file run27.cif (mmCIF, C-alpha atoms)
data_model
#
loop_
_atom_site.label_atom_id
_atom_site.label_comp_id
_atom_site.auth_asym_id
_atom_site.auth_seq_id
_atom_site.Cartn_x
_atom_site.Cartn_y
_atom_site.Cartn_z
CA MET A 125 -19.52 2.15 -32.59
CA ASN A 126 -16.59 2.43 -30.22
CA ASP A 127 -13.52 3.87 -31.92
CA PRO A 128 -10.21 2.58 -30.37
CA ALA A 129 -8.53 5.88 -31.24
CA ALA A 130 -11.33 8.12 -29.97
CA HIS A 131 -9.40 9.12 -26.85
CA LEU A 132 -6.68 10.59 -29.05
CA GLN A 133 -9.04 13.09 -30.70
CA PRO A 134 -8.98 16.34 -28.67
CA ALA A 135 -11.51 19.08 -28.59
CA ALA A 136 -11.23 21.76 -31.23
CA PRO A 137 -8.94 24.58 -30.09
CA GLY A 138 -10.45 27.98 -29.46
CA PRO A 139 -9.38 31.27 -31.04
CA HIS A 140 -7.22 32.15 -28.04
CA ASP A 141 -5.25 28.92 -28.40
CA LEU A 142 -4.54 29.56 -32.08
CA ALA A 143 -3.38 33.05 -31.30
CA GLU A 144 -0.60 31.67 -29.04
CA THR A 145 1.04 29.75 -31.88
CA PRO A 146 4.02 31.81 -33.10
CA CYS A 147 3.78 30.63 -36.71
CA ALA A 148 2.82 33.55 -38.88
CA ARG A 149 1.84 31.36 -41.82
CA GLN A 150 -1.36 29.39 -41.45
CA PRO A 151 -0.97 25.62 -41.94
CA ALA A 152 -1.85 24.27 -45.34
CA PRO A 153 -5.18 22.45 -45.63
CA VAL A 154 -5.18 18.68 -45.30
CA PRO A 155 -4.72 16.66 -47.43
CA VAL A 156 -1.88 18.18 -49.48
CA PRO A 157 -2.04 16.58 -52.92
CA ASP A 158 0.88 18.59 -54.32
CA ALA A 159 3.80 16.12 -54.53
CA GLY A 160 6.22 19.02 -54.72
CA ARG A 161 5.59 19.73 -51.05
CA HIS A 162 6.27 16.15 -49.99
CA TRP A 163 9.99 16.79 -49.51
CA VAL A 164 12.06 17.50 -46.41
CA ASP A 165 13.01 20.99 -47.55
CA ARG A 166 9.51 21.98 -48.72
CA THR A 167 7.12 20.58 -46.13
CA ASP A 168 5.24 22.44 -43.39
CA SER A 169 5.40 19.40 -41.07
CA ARG A 170 7.73 19.13 -38.10
CA ARG A 171 10.42 16.50 -37.76
CA LEU A 172 9.70 13.48 -35.53
CA ARG A 173 12.34 11.12 -34.20
CA ARG A 174 10.35 8.78 -31.95
CA ALA A 175 8.13 6.05 -33.31
CA SER A 176 5.55 6.55 -30.54
CA ASP A 177 5.01 10.21 -31.53
CA PHE A 178 4.68 9.23 -35.17
CA LEU A 179 2.06 6.58 -34.41
CA ASP A 180 0.09 8.98 -32.19
CA ALA A 181 -0.01 11.50 -35.01
CA VAL A 182 -1.11 8.83 -37.52
CA ARG A 183 -3.89 7.51 -35.30
CA TRP A 184 -5.11 11.03 -34.58
CA ALA A 185 -5.19 11.96 -38.27
CA VAL A 186 -7.05 8.76 -39.23
CA SER A 187 -9.56 9.05 -36.37
CA ALA A 188 -10.16 12.72 -37.21
CA ALA A 189 -10.93 11.71 -40.83
CA LEU A 190 -8.56 14.32 -42.24
CA HIS A 191 -8.13 12.18 -45.36
CA PRO A 192 -11.20 10.62 -46.95
CA ARG A 193 -9.40 7.40 -47.93
CA ALA A 194 -7.20 6.79 -44.88
CA ASN A 195 -8.38 3.86 -42.77
CA ALA A 196 -7.11 1.07 -40.53
CA ALA A 197 -4.88 -0.29 -43.32
CA THR A 198 -3.09 3.08 -43.35
CA VAL A 199 -2.39 2.66 -39.63
CA ARG A 200 -1.02 -0.84 -40.27
CA VAL A 201 1.41 0.45 -42.88
CA ALA A 202 2.47 3.26 -40.54
CA GLU A 203 3.10 0.77 -37.74
CA ASP A 204 5.38 -1.27 -40.01
CA LEU A 205 7.35 1.84 -40.93
CA ALA A 206 7.50 3.03 -37.31
CA GLY A 207 9.00 -0.26 -36.22
CA ARG A 208 12.02 0.42 -38.47
CA LEU A 209 12.64 4.11 -37.74
CA ASN A 210 16.27 4.96 -37.05
CA SER A 211 17.55 7.52 -34.56
CA ALA A 212 17.18 10.32 -37.14
CA GLY A 213 13.50 9.53 -37.69
CA GLN A 214 14.00 8.08 -41.17
CA VAL A 215 13.10 4.68 -42.58
CA ALA A 216 13.79 2.75 -45.78
CA TYR A 217 10.59 2.21 -47.76
CA GLY A 218 10.90 -1.33 -49.21
CA ARG A 219 7.40 -1.54 -50.65
CA ASP A 220 7.51 -5.20 -51.66
CA ARG A 221 8.80 -6.32 -48.25
CA VAL A 222 6.17 -4.27 -46.46
CA ALA A 223 3.50 -5.87 -48.62
CA ALA A 224 4.85 -9.35 -47.87
CA ARG A 225 4.90 -8.70 -44.12
CA LEU A 226 1.40 -7.26 -44.01
CA GLY A 227 -0.16 -9.63 -46.57
CA MET A 228 -1.23 -6.73 -48.79
CA CYS A 229 -0.90 -5.93 -52.45
CA PRO A 230 2.18 -3.77 -53.25
CA ARG A 231 -0.06 -1.28 -55.05
CA SER A 232 -2.25 -0.96 -51.94
CA VAL A 233 0.86 -0.27 -49.83
CA ALA A 234 1.86 2.46 -52.29
CA TYR A 235 -1.63 4.02 -52.04
CA HIS A 236 -1.57 4.15 -48.22
CA VAL A 237 1.96 5.58 -48.18
CA ARG A 238 0.71 8.30 -50.52
CA TYR A 239 -2.13 9.03 -48.06
CA LEU A 240 0.45 9.42 -45.29
CA ARG A 241 2.42 11.85 -47.47
CA GLU A 242 -0.70 13.88 -48.25
CA LEU A 243 -1.50 14.04 -44.52
CA GLY A 244 1.95 15.50 -43.86
CA LEU A 245 3.05 12.47 -41.85
CA LEU A 246 5.73 11.28 -44.30
CA VAL A 247 8.08 13.22 -46.56
CA TRP A 248 10.80 12.15 -48.93
CA ALA A 249 14.33 12.36 -47.59
CA VAL A 250 15.61 10.44 -50.65
CA ARG A 251 13.37 9.43 -53.51
CA GLY A 252 14.11 6.10 -55.13
CA SER A 253 15.40 5.97 -58.69
CA ARG A 254 17.45 3.81 -61.02
CA ALA A 255 20.62 5.82 -60.31
CA ASN A 256 23.52 3.63 -59.22
CA ALA A 257 23.90 4.13 -55.48
CA ARG A 258 27.09 2.03 -55.35
CA ARG A 259 28.86 4.23 -57.87
CA ALA A 260 28.14 7.29 -55.74
CA ARG A 261 29.96 5.57 -52.87
CA GLY A 262 32.87 4.45 -55.04
CA LEU A 263 31.91 0.76 -55.01
CA PRO A 264 31.73 -1.65 -57.95
CA GLY A 265 28.50 -3.15 -59.19
CA TYR A 266 25.00 -1.75 -59.48
CA ALA A 267 22.28 -1.06 -56.94
CA ALA A 268 19.30 1.20 -57.43
CA THR A 269 18.79 4.17 -55.11
CA ALA A 270 16.36 3.30 -52.30
CA THR A 271 13.56 5.51 -51.03
CA LEU A 272 13.98 7.01 -47.57
CA TYR A 273 11.00 8.51 -45.78
CA ALA A 274 11.16 10.90 -42.82
CA ALA A 275 8.47 10.81 -40.14
CA CYS A 276 6.75 14.15 -39.51
CA ALA A 277 4.05 15.81 -37.44
CA PRO A 278 1.64 18.03 -39.42
CA PRO A 279 0.86 21.52 -38.06
CA GLN A 280 -2.77 20.51 -37.45
CA TRP A 281 -1.64 17.86 -34.97
CA ASP A 282 0.55 20.33 -33.05
CA ALA A 283 -2.35 22.80 -32.90
CA ALA A 284 -4.76 20.10 -31.72
CA MET A 285 -2.33 18.91 -29.03
CA GLY A 286 -1.81 22.47 -27.81
CA ARG A 287 1.90 22.73 -28.65
CA ARG A 288 3.70 25.96 -29.44
CA VAL A 289 6.42 25.62 -32.07
CA ALA A 290 9.26 27.83 -33.18
CA GLY A 291 10.86 27.90 -36.61
CA THR A 292 9.56 26.88 -39.99
CA GLY A 293 9.31 23.74 -42.04
CA TYR A 294 10.88 20.41 -41.24
CA TRP A 295 13.24 21.82 -38.59
CA LYS A 296 10.57 23.34 -36.34
CA ARG A 297 10.77 22.49 -32.67
CA VAL A 298 8.36 22.49 -29.75
CA CYS A 299 8.98 25.47 -27.48
CA GLY A 300 5.96 25.36 -25.13
CA VAL A 301 2.25 24.65 -24.74
CA THR A 302 -0.85 26.73 -25.20
CA ALA A 303 -3.63 27.15 -22.65
CA HIS A 304 -5.54 24.39 -24.41
CA GLY A 305 -2.47 22.13 -24.26
CA ARG A 306 -2.09 22.83 -20.57
CA ARG A 307 -5.73 21.91 -19.86
CA ARG A 308 -5.39 18.81 -21.99
CA ALA A 309 -2.23 17.73 -20.10
CA VAL A 310 -4.06 18.19 -16.80
CA ARG A 311 -6.98 16.07 -17.98
CA GLU A 312 -4.63 13.37 -19.28
CA ALA A 313 -2.72 13.29 -16.01
CA ALA A 314 -5.96 13.06 -14.03
CA ARG A 315 -7.16 10.21 -16.24
CA ARG A 316 -3.91 8.23 -15.89
CA CYS A 317 -3.37 8.92 -12.19
CA SER A 318 -6.91 8.44 -10.93
CA PRO A 319 -6.97 6.87 -7.45
CA SER A 320 -7.89 3.22 -7.18
CA PHE A 321 -11.20 2.32 -5.58
CA THR A 322 -9.99 -1.12 -4.46
CA ARG A 323 -9.46 -1.58 -0.76
CA SER A 324 -5.90 -2.28 0.24
CA PRO A 325 -5.44 -5.44 2.34
CA LEU A 326 -3.17 -3.47 4.67
CA SER A 327 -5.57 -0.61 5.21
CA GLY A 328 -7.58 -0.61 8.39
CA LYS A 329 -8.78 1.53 11.17
CA ALA A 330 -6.05 3.64 12.65
CA GLU A 331 -5.38 3.19 16.31
CA VAL A 332 -4.38 6.06 18.54
CA GLY A 333 -1.69 5.10 20.98
CA ARG A 334 -2.00 6.47 24.48
CA GLY A 335 0.60 9.03 25.42
CA ARG A 336 1.69 9.58 21.81
CA ASN A 337 1.04 12.47 19.48
CA TYR A 338 0.57 10.46 16.31
CA THR A 339 -1.53 7.60 14.99
CA THR A 340 -0.29 4.17 14.07
CA GLY A 341 -1.66 1.76 11.51
CA PRO A 342 -2.39 -1.94 11.98
CA ALA A 343 0.42 -4.27 12.94
CA THR A 344 0.14 -6.17 9.64
CA ALA A 345 1.29 -3.11 7.69
CA THR A 346 4.85 -3.43 8.95
CA ALA A 347 5.02 -7.18 9.36
CA GLY A 348 6.76 -7.69 6.04
CA ARG A 349 9.23 -4.84 6.50
CA ARG A 350 11.26 -5.96 9.46
CA ARG A 351 14.56 -4.27 9.91
CA ARG A 352 17.47 -5.90 11.61
CA ALA A 353 18.48 -4.01 14.71
CA PRO A 354 22.08 -2.81 14.54
CA SER A 355 24.29 -4.94 16.74
CA ALA A 356 26.23 -3.20 19.44
CA GLY A 357 29.87 -2.48 18.66
CA THR A 358 29.62 -2.92 14.88
CA ARG A 359 29.52 0.75 14.08
CA ARG A 360 32.93 2.41 13.91
CA GLU A 361 33.59 6.11 13.90
CA PRO A 362 35.14 7.56 10.73
CA ALA A 363 38.21 8.77 12.61
CA ARG A 364 38.80 5.29 14.02
CA VAL A 365 38.35 3.71 10.58
CA ALA A 366 40.95 6.11 9.20
CA ALA A 367 43.31 5.13 12.03
CA ASP A 368 42.78 1.43 11.21
CA VAL A 369 43.59 2.04 7.56
CA ALA A 370 46.75 3.95 8.50
CA LEU A 371 47.77 1.06 10.78
CA ALA A 372 47.15 -1.44 7.96
CA ALA A 373 49.32 0.69 5.69
CA ARG A 374 52.19 0.20 8.17
CA ILE A 375 51.59 -3.54 8.51
CA ARG A 376 51.09 -4.58 4.89
CA PRO A 377 54.64 -3.88 3.60
CA ARG A 378 56.14 -5.93 6.43
CA VAL A 379 54.07 -9.11 5.93
CA ALA A 380 54.72 -10.55 2.50
CA TRP A 381 51.53 -12.57 2.06
CA THR A 382 49.28 -9.56 2.77
CA GLN A 383 50.81 -7.21 0.20
CA GLY A 384 48.19 -7.90 -2.45
CA THR A 385 45.24 -6.97 -0.24
CA GLN A 386 43.43 -3.65 -0.30
CA LEU A 387 44.09 -1.50 2.74
CA ARG A 388 40.45 -1.12 3.78
CA ARG A 389 39.80 -4.87 3.62
CA LEU A 390 43.00 -5.60 5.52
CA ALA A 391 42.09 -3.01 8.16
CA HIS A 392 38.65 -4.59 8.57
CA ALA A 393 40.14 -8.07 8.96
CA LEU A 394 42.62 -6.85 11.59
CA ARG A 395 39.98 -5.22 13.76
CA PRO A 396 39.95 -8.00 16.41
CA LEU A 397 43.69 -7.56 16.93
CA VAL A 398 43.40 -3.78 16.99
CA ASP A 399 40.50 -3.91 19.45
CA ALA A 400 42.57 -6.21 21.66
CA GLY A 401 45.13 -3.42 22.05
CA LEU A 402 47.92 -4.70 19.79
CA ASP A 403 50.01 -2.13 17.97
CA ALA A 404 51.62 -2.43 14.56
CA GLU A 405 54.75 -4.25 15.82
CA GLU A 406 52.74 -6.82 17.73
CA ILE A 407 50.37 -7.45 14.82
CA VAL A 408 53.34 -7.96 12.50
CA CYS A 409 54.80 -10.47 14.98
CA GLU A 410 51.45 -12.27 15.19
CA LEU A 411 50.99 -12.52 11.41
CA THR A 412 54.60 -13.57 10.84
CA ALA A 413 54.32 -16.33 13.45
CA TRP A 414 51.56 -18.00 11.41
CA TRP A 415 54.20 -19.19 8.92
CA VAL A 416 52.02 -18.78 5.84
CA ALA A 417 54.28 -20.21 3.13
CA PRO A 418 52.11 -19.86 -0.02
CA ARG A 419 50.41 -16.54 -0.44
CA PRO A 420 46.65 -17.01 0.10
CA ARG A 421 44.28 -15.95 -2.62
CA ASP A 422 42.37 -13.66 -0.25
CA ALA A 423 44.55 -12.61 2.67
CA ALA A 424 41.76 -10.67 4.40
CA ALA A 425 39.42 -13.69 4.37
CA PHE A 426 42.28 -15.90 5.57
CA ILE A 427 42.93 -13.58 8.54
CA ARG A 428 39.25 -13.50 9.48
CA ALA A 429 38.95 -17.28 9.31
CA ARG A 430 42.14 -17.79 11.33
CA LEU A 431 41.06 -15.37 14.04
CA ALA A 432 37.58 -16.93 14.16
CA ARG A 433 39.04 -20.37 14.92
CA ARG A 434 41.04 -19.16 17.94
CA PRO A 435 41.17 -15.95 19.97
CA PRO A 436 44.01 -13.55 19.28
CA PRO A 437 46.99 -13.82 21.63
CA ALA A 438 46.21 -10.56 23.40
CA LEU A 439 42.72 -11.79 24.25
CA GLY A 440 43.34 -15.32 25.45
CA GLY A 441 47.00 -15.41 26.45
CA THR A 442 50.31 -13.68 26.15
CA ALA A 443 51.23 -11.75 23.07
CA LEU A 444 54.10 -13.03 20.95
CA CYS A 445 55.92 -9.71 21.34
CA PRO A 446 54.94 -8.42 24.78
CA ALA A 447 55.75 -4.86 25.66
CA GLY A 448 56.13 -3.09 28.97
CA PRO A 449 57.70 -4.47 32.18
CA ASP A 450 57.18 -8.09 31.03
CA ALA A 451 59.19 -7.61 27.88
CA PRO A 452 62.35 -9.77 27.72
CA GLU A 453 65.78 -8.24 27.84
CA PRO A 454 67.29 -7.46 24.45
CA VAL A 455 69.89 -9.99 23.23
CA PRO A 456 73.16 -8.48 21.94
CA PRO A 457 74.13 -9.43 18.38
CA ASN A 458 76.44 -12.37 17.96
CA ALA A 459 79.74 -12.44 16.11
CA GLU A 460 78.27 -13.62 12.81
CA PHE A 461 75.81 -10.75 12.78
CA ARG A 462 78.56 -8.22 13.50
CA ALA A 463 80.71 -9.72 10.74
CA ALA A 464 77.84 -9.48 8.24
CA VAL A 465 77.26 -5.84 9.18
CA ALA A 466 80.98 -5.14 8.74
CA ARG A 467 80.96 -6.75 5.28
CA LEU A 468 77.99 -4.69 4.19
CA THR A 469 79.58 -1.50 5.51
CA ARG A 470 82.86 -2.25 3.74
CA ARG A 471 81.07 -3.04 0.48
CA ARG A 472 79.08 0.18 0.72
CA GLU A 473 82.30 2.15 1.24
CA GLU A 474 83.96 0.40 -1.69
CA ASP A 475 81.00 1.11 -3.96
CA GLU A 476 81.15 4.83 -3.27
CA VAL A 477 82.56 6.76 -6.21
CA PRO A 478 85.71 8.76 -5.36
CA GLY A 479 85.19 12.49 -5.50
CA CYS A 480 88.00 13.03 -8.03
CA LEU A 481 86.20 10.86 -10.61
CA ARG A 482 82.74 12.40 -10.47
CA ASP A 483 83.60 15.24 -12.85
CA ASP A 484 85.46 13.06 -15.37
CA PRO A 485 83.06 10.80 -17.36
CA GLY A 486 85.84 8.79 -18.98
CA ALA A 487 87.67 8.04 -15.73
CA LEU A 488 84.36 7.25 -14.02
CA ALA A 489 83.46 4.72 -16.72
CA ALA A 490 86.88 3.04 -16.44
CA TRP A 491 86.59 2.87 -12.64
CA GLN A 492 83.10 1.33 -12.86
CA ALA A 493 84.32 -1.27 -15.39
CA ALA A 494 87.21 -2.20 -13.06
CA ARG A 495 84.84 -2.49 -10.11
CA ILE A 496 82.53 -4.78 -12.07
CA ARG A 497 85.49 -6.95 -13.12
CA GLU A 498 86.67 -7.26 -9.51
CA GLN A 499 83.19 -8.23 -8.35
CA ILE A 500 82.90 -10.89 -11.06
CA LEU A 501 86.29 -12.35 -10.17
CA ALA A 502 85.43 -12.34 -6.48
CA SER A 503 82.16 -14.14 -7.21
CA LEU A 504 83.93 -16.77 -9.30
CA ALA A 505 86.55 -17.28 -6.58
CA GLY A 506 83.82 -17.72 -3.99
CA ALA A 507 81.99 -20.21 -6.17
CA GLU A 508 85.18 -22.20 -6.76
CA GLN A 509 85.96 -22.28 -3.03
CA ALA A 510 82.46 -23.50 -2.26
CA SER A 511 82.80 -26.21 -4.89
CA ARG A 512 86.08 -27.38 -3.38
CA GLU A 513 84.53 -27.60 0.06
CA ARG A 514 81.65 -29.72 -1.25
CA ARG A 515 83.98 -32.05 -3.19
CA PHE A 516 86.83 -32.54 -0.74
CA GLY A 517 85.07 -32.04 2.57
CA GLY A 518 87.18 -29.26 4.02
CA PRO A 519 87.32 -25.51 3.94
CA GLU A 520 91.02 -25.53 3.07
CA GLY A 521 90.49 -27.24 -0.31
CA HIS A 522 92.82 -29.58 -2.21
CA SER A 523 93.95 -29.98 -5.75
CA LEU A 524 93.50 -33.27 -7.59
CA GLY A 525 97.08 -34.38 -6.90
CA GLU A 526 96.76 -33.63 -3.18
CA TRP A 527 93.53 -35.57 -3.04
CA LEU A 528 95.17 -38.57 -4.77
CA GLU A 529 98.10 -38.53 -2.35
CA ARG A 530 95.80 -38.27 0.68
CA THR A 531 93.51 -41.08 -0.44
CA GLY A 532 96.36 -43.32 -1.70
CA CYS A 533 94.69 -43.98 -5.03
#
call {"tool": "encode", "arguments": {"input": "run27.cif", "output": "C-alpha cells"}}
result
Amino acid sequence: MNDPAAHLQPAAPGPHDLAETPCARQPAPVPVPDAGRHWVDRTDSRRLRRASDFLDAVRWAVSAALHPRANAATVRVAEDLAGRLNSAGQVAYGRDRVAARLGMCPRSVAYHVRYLRELGLLVWAVRGSRANARRARGLPGYAATATLYAACAPPQWDAAMGRRVAGTGYWKRVCGVTAHGRRRAVREAARRCSPSFTRSPLSGKAEVGRGRNYTTGPATATAGRRRRAPSAGTRREPARVAADVALAARIRPRVAWTQGTQLRRLAHALRPLVDAGLDAEEIVCELTAWWVAPRPRDAAAFIRARLARRPPPALGGTALCPAGPDAPEPVPPNAEFRAAVARLTRRREEDEVPGCLRDDPGALAAWQAARIREQILASLAGAEQASRERRFGGPEGHSLGEWLERTGC
C-alpha cells in the first residue's frame, strides 16, 4: 500500500552520524508516557515556531510508527492546531471547538492530543484549570484558564533529519548538519530540481553563423523578446543633465506658475528650449510671454504640450529677447520710474535706525512707535486724498461746502 508520507521517512542514521550530535544525553525513548515531562521546562524536545516544520515532524513520527496508537486522525488534529500557531509557536487548545471543526468526539481529540504529547511534539506552556484568568489580569468577572500548547520537535526527528543541535531542552537550536543530513539534503535537492524531459517548443538545432565565433539559436527564440532600439538624441550625459537642473533652478523662482514643479521635471520639459540655444534670461522671457494667469496643475506637462503645438521661438523665428548685435537699444527709465526709485530710497533711509538709539532699548522702542504712528497717519491721509479724487473728480479735492457752491445746489 502506498503511504503518502513515505517520502518523509529517512534512512536510519549510522553510528558516525550519531557521534556528530553534540548532545551528551541520549534522547528519551518514544513514546514518553510520563506527564511530568510534558512541560516546556522539562521536555527534551526542541522549540518549533513554523507550522510547516511541526507538520513535517508529525507526519514523520506517524509514518515511522513511533506511537502504536497514532494514525491519520492524529495528523488531522495536528493540522488543526498548526493552522492556529502564533509567532511564538504556541496555540490555544480549545478541545470542543477542535472536535466540532473535525467532526470528532471531544474525547477522541483529547486522546490524539495526548499521543502528540507522548511523541514529544506538543508540550504544555499553560495547563488549563478553573483558576480565574481575569482576576490575574485585574479584570472583573470570571474566566477559566485556557490550555496553551507549544509545538516541538523531538530529538529523534532531529537525528533522523541529520541536524546538529546545541543546548538542552526546549530552547535547543539547530547549529549545523551531520554527514547523513548533508547527503539527505543533496538527494532532496536532486529530487526537486530534476531536469524536465519535455521538449521545449523553442529548442531546435543550433545554427552556426559564418564568420562568427559563437552559435545562435532559432529565430523563434527571440521573437517574443523584441527590444526597442534607443532613439538617437534621447540619451543625455550626466553632466549635461546636471547643467539643465541648475538652469531650471535659476528659472523657476522667476516664473510664478512653475514654482511648484520639481526641478528635474522642469529641466526635462525645458530641454527643447535649452537645445535651441536659449539661456536662462531668454527662457524666462519666453515663459512669461505665455501669460499663464491661473497656475496649471502640472507645469511641466503644460510646457511640454505647449512646445509640442508650436516650435520654440529660437527654432522657428526670432526669440522674444534676442541677444547679440540684433538686440535692441536699451530704453532709459522714464520720470515715473525715477520717482518711484527715489521714494523707495527715501523710505529706506527713513526706516534706518539712528546710531544713537541702537544701544538704548527704551529710546529705540519710542522711536519705532513714533515711526509706526507716522506711517499710519500717512496711509490714512493717502486714502482720504484718493477718496476725494474719486468723489469730486479732481486731484485738488473739495470740501462739502465747496462742492455745493461749485454745483449751485
call {"tool": "axis_aligned_box", "arguments": {"input": "run27.cif", "around": "region 487-497 of chain A", "padding_each_side": "8 Å", "output": "lines of an AutoDock Vina configuration file"}}
result
center_x = 85.1
center_y = 0.5
center_z = -13.4
size_x = 21.1
size_y = 31.0
size_z = 22.6
call {"tool": "residues_around", "arguments": {"input": "run27.cif", "residues": "Lys296 (chain A)", "least_positions_apart": "2", "cutoff": "10 Å", "atoms": "only C-alpha atoms", "output": "number ranges by chain"}}
result
A: 147, 168-172, 289-294, 298-299
call {"tool": "atom_distance", "arguments": {"input": "run27.cif", "atom1": "CA of Ala432 (chain A)", "atom2": "CA of Cys409 (chain A)"}}
result
18.4 Å
call {"tool": "closest_residue", "arguments": {"input": "run27.cif", "among": "A:Thr385, A:Asn210, A:Ser503, A:Thr469", "to": "Tyr273 (chain A)", "atoms": "only C-alpha atoms"}}
result
A:Asn210
call {"tool": "atom_distance", "arguments": {"input": "run27.cif", "atom1": "CA of Val398 (chain A)", "atom2": "CA of Pro420 (chain A)"}}
result
21.7 Å
call {"tool": "residues_around", "arguments": {"input": "run27.cif", "residues": "Val301 (chain A)", "least_positions_apart": "3", "cutoff": "8 Å", "atoms": "only C-alpha atoms", "output": "list in words"}}
result
Gly286, Arg287, Arg288, His304, Gly305 and Arg306 of chain A
call {"tool": "residues_around", "arguments": {"input": "run27.cif", "residues": "Arg388 (chain A)", "least_positions_apart": "4", "cutoff": "8 Å", "atoms": "all atoms listed in the file", "output": "ChimeraX atom specification"}}
result
/A:369,372,392
call {"tool": "residues_around", "arguments": {"input": "run27.cif", "residues": "Gln386 (chain A)", "least_positions_apart": "2", "cutoff": "10 Å", "atoms": "all atoms listed in the file", "output": "PyMOL selection string"}}
result
chain A and resi 369+372-373+376+382-384+388-391+423-424
call {"tool": "write_last_selection", "arguments": {"input": "run27.cif", "atoms": "C-alpha atoms", "output": "PDB file, in the frame of the given file"}}
result
ATOM      1  CA  VAL A 369      43.590   2.040   7.560  1.00  0.00           C
ATOM      2  CA  ALA A 372      47.150  -1.440   7.960  1.00  0.00           C
ATOM      3  CA  ALA A 373      49.320   0.690   5.690  1.00  0.00           C
ATOM      4  CA  ARG A 376      51.090  -4.580   4.890  1.00  0.00           C
ATOM      5  CA  THR A 382      49.280  -9.560   2.770  1.00  0.00           C
ATOM      6  CA  GLN A 383      50.810  -7.210   0.200  1.00  0.00           C
ATOM      7  CA  GLY A 384      48.190  -7.900  -2.450  1.00  0.00           C
ATOM      8  CA  ARG A 388      40.450  -1.120   3.780  1.00  0.00           C
ATOM      9  CA  ARG A 389      39.800  -4.870   3.620  1.00  0.00           C
ATOM     10  CA  LEU A 390      43.000  -5.600   5.520  1.00  0.00           C
ATOM     11  CA  ALA A 391      42.090  -3.010   8.160  1.00  0.00           C
ATOM     12  CA  ALA A 423      44.550 -12.610   2.670  1.00  0.00           C
ATOM     13  CA  ALA A 424      41.760 -10.670   4.400  1.00  0.00           C
TER      14      ALA A 424
END
call {"tool": "resolve_selection", "arguments": {"input": "run27.cif", "expression": "the PyMOL selection byres ((chain A and resi 252-256) around 8)", "output": "PyMOL selection string"}}
result
chain A and resi 250-251+257-260+266-272
call {"tool": "atom_distance", "arguments": {"input": "run27.cif", "atom1": "CA of Trp415 (chain A)", "atom2": "CA of Asp368 (chain A)"}}
result
23.7 Å
call {"tool": "residues_near_point", "arguments": {"input": "run27.cif", "point": "(-2.7, 13.9, -50.8)", "cutoff": "12 Å", "atoms": "all atoms listed in the file", "output": "list in words"}}
result
Ala152, Pro153, Val154, Pro155, Val156, Pro157, Asp158, Ala159, Gly160, Arg161, His162, Leu190, His191, Pro192, Arg193, Ala194, Tyr235, His236, Val237, Arg238, Tyr239, Leu240, Arg241, Glu242, Leu243, Gly244, Leu245, Leu246 and Val247 of chain A
call {"tool": "resolve_selection", "arguments": {"input": "run27.cif", "expression": "the PyMOL selection byres ((chain A and resi 379) around 10)", "output": "ChimeraX atom specification"}}
result
/A:374-378,380-383,407-409,411-412,416
call {"tool": "resolve_selection", "arguments": {"input": "run27.cif", "expression": "the PyMOL selection byres ((chain A and resi 195-201) around 12)", "output": "mmCIF file with C-alpha atoms, keeping the file's coordinate frame"}}
result
data_model
loop_
_atom_site.group_PDB
_atom_site.id
_atom_site.type_symbol
_atom_site.label_atom_id
_atom_site.label_comp_id
_atom_site.auth_asym_id
_atom_site.auth_seq_id
_atom_site.Cartn_x
_atom_site.Cartn_y
_atom_site.Cartn_z
ATOM 1 C CA ASP A 127 -13.520 3.870 -31.920
ATOM 2 C CA PRO A 128 -10.210 2.580 -30.370
ATOM 3 C CA ALA A 129 -8.530 5.880 -31.240
ATOM 4 C CA PHE A 178 4.680 9.230 -35.170
ATOM 5 C CA LEU A 179 2.060 6.580 -34.410
ATOM 6 C CA ASP A 180 0.090 8.980 -32.190
ATOM 7 C CA ALA A 181 -0.010 11.500 -35.010
ATOM 8 C CA VAL A 182 -1.110 8.830 -37.520
ATOM 9 C CA ARG A 183 -3.890 7.510 -35.300
ATOM 10 C CA TRP A 184 -5.110 11.030 -34.580
ATOM 11 C CA ALA A 185 -5.190 11.960 -38.270
ATOM 12 C CA VAL A 186 -7.050 8.760 -39.230
ATOM 13 C CA SER A 187 -9.560 9.050 -36.370
ATOM 14 C CA ALA A 188 -10.160 12.720 -37.210
ATOM 15 C CA ALA A 189 -10.930 11.710 -40.830
ATOM 16 C CA LEU A 190 -8.560 14.320 -42.240
ATOM 17 C CA HIS A 191 -8.130 12.180 -45.360
ATOM 18 C CA PRO A 192 -11.200 10.620 -46.950
ATOM 19 C CA ARG A 193 -9.400 7.400 -47.930
ATOM 20 C CA ALA A 194 -7.200 6.790 -44.880
ATOM 21 C CA ALA A 202 2.470 3.260 -40.540
ATOM 22 C CA GLU A 203 3.100 0.770 -37.740
ATOM 23 C CA ASP A 204 5.380 -1.270 -40.010
ATOM 24 C CA LEU A 205 7.350 1.840 -40.930
ATOM 25 C CA ALA A 206 7.500 3.030 -37.310
ATOM 26 C CA GLY A 207 9.000 -0.260 -36.220
ATOM 27 C CA ARG A 208 12.020 0.420 -38.470
ATOM 28 C CA TYR A 217 10.590 2.210 -47.760
ATOM 29 C CA GLY A 218 10.900 -1.330 -49.210
ATOM 30 C CA ARG A 219 7.400 -1.540 -50.650
ATOM 31 C CA ARG A 221 8.800 -6.320 -48.250
ATOM 32 C CA VAL A 222 6.170 -4.270 -46.460
ATOM 33 C CA ALA A 223 3.500 -5.870 -48.620
ATOM 34 C CA ALA A 224 4.850 -9.350 -47.870
ATOM 35 C CA ARG A 225 4.900 -8.700 -44.120
ATOM 36 C CA LEU A 226 1.400 -7.260 -44.010
ATOM 37 C CA GLY A 227 -0.160 -9.630 -46.570
ATOM 38 C CA MET A 228 -1.230 -6.730 -48.790
ATOM 39 C CA CYS A 229 -0.900 -5.930 -52.450
ATOM 40 C CA PRO A 230 2.180 -3.770 -53.250
ATOM 41 C CA SER A 232 -2.250 -0.960 -51.940
ATOM 42 C CA VAL A 233 0.860 -0.270 -49.830
ATOM 43 C CA ALA A 234 1.860 2.460 -52.290
ATOM 44 C CA TYR A 235 -1.630 4.020 -52.040
ATOM 45 C CA HIS A 236 -1.570 4.150 -48.220
ATOM 46 C CA VAL A 237 1.960 5.580 -48.180
ATOM 47 C CA ARG A 238 0.710 8.300 -50.520
ATOM 48 C CA TYR A 239 -2.130 9.030 -48.060
ATOM 49 C CA LEU A 240 0.450 9.420 -45.290
ATOM 50 C CA ARG A 241 2.420 11.850 -47.470
ATOM 51 C CA LEU A 243 -1.500 14.040 -44.520
ATOM 52 C CA LEU A 245 3.050 12.470 -41.850
ATOM 53 C CA LEU A 246 5.730 11.280 -44.300
#
